[in-house]
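Comments concern the structure below.
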Amino acid sequence: MSNHEKGKSVSSSAPRNDDAPLLEIRDLAITFDTQNGPVNAVRNAHLTILPGETVAIVGESGSGKSTTALAAIGLLPSNGRVSGGRIIFDGEDITNASAKRIIELRGNSIGMVPQDPMSNLNPVWKIGFQVKETLKANGLDGANSKERVAEVLSEAGLPDAAARAKQYPHEFSGGMRQRALIAIGLACRPRLLIADEPTSALDVTVQRQILDHLDRMTTELGTAVLLITHDLGLAAERAEKLVVMYKGQVVESGPALEILRNPQHPYTQRLVNSAPSLASRRLQSQKAKDALAAAVEDLDDPADAAYTGEAPMRAGHTASSIPAAAAQPVKAARPAKDGERKGAQAGETILEIKNLTKVFKLRGALGKTTDFKAVDDVSISVPRGTTMAIVGESGSGKSTVAQMALSLLAPTEGSILFDGVEVNTLKGKALFDFRRRVQPIFQDPYGSLDPMFNIYRTIEEPLKIHKIGNAKSREKKVRELLDQVSMPASTMHRFPNELSGGQRQRIAIARALALNPDVIICDEAVSALDVLVQAQVLNLLNELQEDLGLTYLFITHDLAVVRQIADHVTVMQSGRVVEASSTDDVFSNPKQVYTQELLNAIPGAALLV
Amino acid sequence: MVMFTLRRFLQLIPVFFGATLLVYFLVFATPGDPIAALSGGKPMAPAVEAALRAQYNLDQPFWVQYGLYLKNLVTLNLGQTFSGQAVSDVIGRAYPVTARLAVMALAFEAIFGVFFGVIAGLRKGKLFDSTVLVASLVVIAVPVFVLGFVLQLVVGVQLGWAKPTVSGAAPLNELVLPALVLGLVSLAYVIRLTRASVSENMSADYVRTATAKGLSRRRVVVVHILRNSLIPVVTFLGADLGSLMGGAIVTEGIFNVPGIGNLLYKAIQNGETPTVVAVVGILVIVFVVANLVVDLLYAWLDPRIRYV
């Protein structure tokens, strides 16, 4: 068959054959000319897409997956060029096609749905205009182009399309913008659609709707899809074939399920093992695992052991460097009983949020303000030494809760008790001491480290502010902290821009640990990281919790992450708590429709069965 | 857009009062007695002095003077110069000259600035870009009076292409050279601003998406890059229009242009308070209106602004 194919592919006049590949990339090499000389971003990439087929390229950022796909449509950045290999589209070699030919192909033969809906629509033109010019550029604007624009938009699942077409991108939500981009990508009925992380900037539930819709549309239209994603679960669920890329090379390719079940290359194996969407249970430190094995024997109901056995064990291993934690009665000796399941005995709750409400005043037309309840009557209690996850989509109020718990934002109503003391009314010295005991880790490791501070100064700063130790002891402490987060001491003299995202997040963790806090509030602390790095950081957080008896309040939109790190989950929607329970309960028996939706939206969830 | 325009108009009111009050206060607080300046520093009979003070309302408290000033400004009853001409007549003669000069300079810098800036931005790092960058740097570095005198000497005297100075009626052809000098420095800024903006937008995601739609290169540049890139340029041009309309004292001085800059300069030298406050008052209005036009243009270019 391959001989047959080869014979076809060189001659563009050959009749279409369903067995002939639509897109074939052979030994592709892409080179970027940088100030430090040429960089080979992609080497020996190969992939084949048959008509109507969905193929996913999976890999972490920097693996060359987007670069490979963009090369197929002639959209490499200006310093990038194809330095080897061939790209064959529908039997025609387009590796070195003229600019004119590529423009002809774009839109009506190869369409694209880009990654970030926020930045991919031109902010100064109406949505309808941007769809219409696509039709026009490909000679598809007839007399009824207005109706056609509305049609294309509503096909992409945009409600009330005719009216929406008259609006500007900033009047659209992220999900609606992505629908508009899908409409643009498919407007001219291309035979191949390149979907570059089409939903990674969106909430999980929206993500699922959009992907389902994209699936339906491309199936109906018989469009082949080249899906680019970092999420193995998502790729396996959506694509028939997977191409795994690592450091610019294709390390493995084949049918999706086969790769998932039986990965050959070590990188793919690591990827499969750490894919958060496929992980089925909470991470456990080695100590907890051992202790658990012993505790399980004493229990009637082994199912509960996963949770109840674990928390007390951790309390037992609390590091003595934290006097407050060490002073807590250690209940490790006692095997857990059913009654203690909630773990919220009065003495043990370290952070208690009661009926918390936050109202923001929104500025409306002509100086009128409207009230917006970002957080509405939220109560959460976090037992010491455990992890409480707050889950919800963007806009659900979860980060607002975190900000109030950090006392960065004053609540409108309700109270936050930290170790029995009302946080709201803290002032001066007391507030200063509170800050020492509650530390944050934020989402963006690029934005949360001062680029002008070297790593030593970054980690030392909190110690200095709180006047702990002298220069010498602080240096020792910084070394210890770096060691704790598995970074070499030599990192001290480097600057944030010299570190990778995962390394920076480790530094942010070290900084949060510097003051021996009781509680660490992680606001989407791993969301910006690649899967493998994410897994490492989650493991690190888990080990630290075990060693130091830390309590985490973990804010995330990603239920797959929750599964790995949390003991309890609070699900928020539109500022309200819709469900709160132990992680196992939420996952095995979600009570609310919304929670079920969130669970179903985890890419690859269906593949677990 | 209608709401935005309306709101923007309402905002003019406090700006107008604030600016005129500040200007009037500064003139009021300036050392030196206008009456003494009127008499050329010679002693004056107390009765005459008192009469003059009453005539110019200088015996009234500050707030009353400011109120009268506003009233006169609105009714265009601007009083008289020391030589007895109506201030409104003097301004009426000088202002059209300055306006012509300013519009020519602005057109010059806008057209050539955007043109060169776009080409340089699209060809970043190439020969054209580097040449334009170096040339604009030279223009920015040389003070305007040097540019003015050099061009006056070379173009006006040695080559004889233009009249070295402007005659009383200030016809358009005589104003070309001063307008060129006046617009040259801003031209350099416009080029640099456009260039930076274009080259930044070239790598914007939506430009890549537009290319992926199958648009021609020309359309991508004109429709998607240009409009977005013009937003900061328009802001700059608008602010520049305001200052150009305020008269260019140096350039008008070099080329002997009978414009508002010259008028203001002489009035300040002679300590003619009524002329100074009247001219400055008019300039404030012009500046505020110019800014209004820019804001409206800005909102037209960038729909996101309309909803702020």
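Residue numbering restarts at 1 in every chain; chains get A, B, ... in the order shown in the structure tokens, and ligands count up from 1 in that same order.
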Which polymer residues have any atom within 9 Å of an atom of stretch 15-27 of chain B, counting only C-alpha atoms, with same-chain residues fewer than 6 positions away left out, as number ranges by chain? B: 62, 66, 69-70, 273, 276-277, 280-281, 284-285, 288
Can you write out as a Markdown table which residues of chain B fall within 6 Å of chain A, alongside each residue's closest atom pair and its distance in Å to one decimal, counting only C-alpha atoms and ordering rows by chain and ascending residue number?
| residue | atom | partner | partner_atom | distance |
| --- | --- | --- | --- | --- |
| B:Asp205 | CA | A:Asn120 | CA | 4.9 |
| B:Tyr206 | CA | A:Asn120 | CA | 4.0 |
| B:Ala212 | CA | A:Arg106 | CA | 5.6 |
| B:Lys213 | CA | A:Gly107 | CA | 4.5 |
| B:Gly214 | CA | A:Arg106 | CA | 4.4 |
| B:Leu215 | CA | A:Ala137 | CA | 5.4 |
| B:Asp302 | CA | A:Val124 | CA | 5.3 |
| B:Pro303 | CA | A:Val124 | CA | 5.8 |
Take the residues from that selection and put them in a file with C-alpha atoms, as an mmCIF file, in the first residue's frame.
data_model
loop_
_atom_site.group_PDB
_atom_site.id
_atom_site.type_symbol
_atom_site.label_atom_id
_atom_site.label_comp_id
_atom_site.auth_asym_id
_atom_site.auth_seq_id
_atom_site.Cartn_x
_atom_site.Cartn_y
_atom_site.Cartn_z
ATOM 1 C CA ASP B 205 -2.102 36.390 17.266
ATOM 2 C CA TYR B 206 -5.024 37.891 15.380
ATOM 3 C CA ALA B 212 -4.560 31.652 8.179
ATOM 4 C CA LYS B 213 -7.974 32.644 6.846
ATOM 5 C CA GLY B 214 -6.395 32.978 3.445
ATOM 6 C CA LEU B 215 -6.319 36.784 3.217
ATOM 7 C CA ASP B 302 -10.834 51.181 18.968
ATOM 8 C CA PRO B 303 -14.341 50.012 19.886
#
Which of these residues is nearest to B:Phe287, using only C-alpha atoms: B:Ser83, B:Ser243, B:Asn262, B:Ser88?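 Checking each candidate against B:Phe287, we get B:Ser243 as the closest.
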With only C-alpha atoms as the basis for distance, which of B:Thr30, B:Asn291, B:Thr165, B:Asn57 is at the shortest distance from B:Gly253? B:Thr165
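Atom to atom, atom CA of A:Val421 and atom CA of A:Lys361 stand 28.4 Å apart.
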Residue contacts of B:Tyr189 (8 Å, only C-alpha atoms) excluding same-chain residues fewer than 4 positions away, as a ChimeraX atom specification: /B:113,136,140,185,193
Using DSSP on the backbone coordinates, identify the residues of stretch 62-308 of chain A assigned to strand (DSSP E or B); present them as a PyMOL selection string. chain A and resi 80-89+92-93+106+110-113+192-196+224-229+241-246+249-255
Residues within 8 Å of A:Ala180, please, as an NGL selection string. Count only C-alpha atoms; anything in the same chain fewer than 6 positions from it doesn't count. :A and (127 or 131 or 153 or 156 or 158)
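The gap separating atom CA of A:Leu499 from atom CA of A:Met487 is 10.8 Å, in Å to one decimal.
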At what distance in Å, to one decimal, does atom CA of B:Arg100 lie from atom CA of B:Gln269?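 So the answer is 25.0 Å.
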Pull the alpha helix (DSSP H) assignments for stretch 557-589 of chain A out of DSSP run on the backbone, and list those residues as a VMD selection string. chain A and resid 559 to 565 583 to 588
Serialized selection, C-alpha atoms, as a short mmCIF file (atom, residue, chain, number, x, y, z; two decimals), in the first residue's frame:
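Ended up saving to result26.cif:
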data_model
loop_
_atom_site.label_atom_id
_atom_site.label_comp_id
_atom_site.auth_asym_id
_atom_site.auth_seq_id
_atom_site.Cartn_x
_atom_site.Cartn_y
_atom_site.Cartn_z
CA LEU A 559 -10.78 18.35 39.02
CA ALA A 560 -8.07 16.00 37.83
CA VAL A 561 -5.61 17.89 40.02
CA VAL A 562 -8.04 17.81 42.92
CA ARG A 563 -8.13 14.07 42.70
CA GLN A 564 -4.42 13.91 43.24
CA ILE A 565 -3.91 16.38 46.05
CA THR A 583 -12.68 13.95 47.58
CA ASP A 584 -13.61 10.30 47.29
CA ASP A 585 -17.26 11.08 47.84
CA VAL A 586 -17.32 13.81 45.25
CA PHE A 587 -15.64 11.64 42.67
CA SER A 588 -17.53 8.43 43.32
#
Shell around B:Leu76 at 12 Å using only C-alpha atoms, local window under 5 positions removed, as a ChimeraX atom specification: /B:68-71,86-89,91-92,278-279,281-282
As a PDB file with C-alpha atoms, in the first residue's frame, please: the residues near A:Val533 (cut-off 9 Å, only C-alpha atoms, same-chain neighbours under 6 positions excluded).
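Generated output (selection-v9.pdb):
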ATOM      1  CA  GLY A 501       8.228  27.429  34.712  1.00  0.00           C
ATOM      2  CA  GLY A 502       8.412  24.389  36.955  1.00  0.00           C
ATOM      3  CA  GLN A 503      11.619  25.585  38.559  1.00  0.00           C
ATOM      4  CA  VAL A 526      -0.039  24.176  39.014  1.00  0.00           C
TER       5      VAL A 526
END
Counting only C-alpha atoms, what is within 12 Å of B:Leu137, bar same-chain residues fewer than 4 positions away, as an mmCIF file with C-alpha atoms, in the first residue's frame?
data_model
loop_
_atom_site.group_PDB
_atom_site.id
_atom_site.type_symbol
_atom_site.label_atom_id
_atom_site.label_comp_id
_atom_site.auth_asym_id
_atom_site.auth_seq_id
_atom_site.Cartn_x
_atom_site.Cartn_y
_atom_site.Cartn_z
ATOM 1 C CA SER B 130 17.749 51.330 9.420
ATOM 2 C CA THR B 131 18.040 54.400 7.175
ATOM 3 C CA VAL B 132 14.751 55.805 8.405
ATOM 4 C CA LEU B 133 15.682 55.117 12.012
ATOM 5 C CA ALA B 141 18.714 65.356 18.019
ATOM 6 C CA VAL B 142 19.024 68.668 16.170
ATOM 7 C CA PRO B 143 17.265 71.605 17.875
ATOM 8 C CA LEU B 184 9.926 67.671 11.024
ATOM 9 C CA VAL B 185 10.621 66.766 14.650
ATOM 10 C CA SER B 186 7.152 65.343 15.171
ATOM 11 C CA LEU B 187 7.530 63.497 11.892
ATOM 12 C CA ALA B 188 10.472 61.642 13.377
ATOM 13 C CA TYR B 189 8.405 60.686 16.410
ATOM 14 C CA VAL B 190 5.451 59.597 14.294
ATOM 15 C CA ILE B 191 7.709 57.383 12.188
ATOM 16 C CA ARG B 192 9.195 55.729 15.243
#
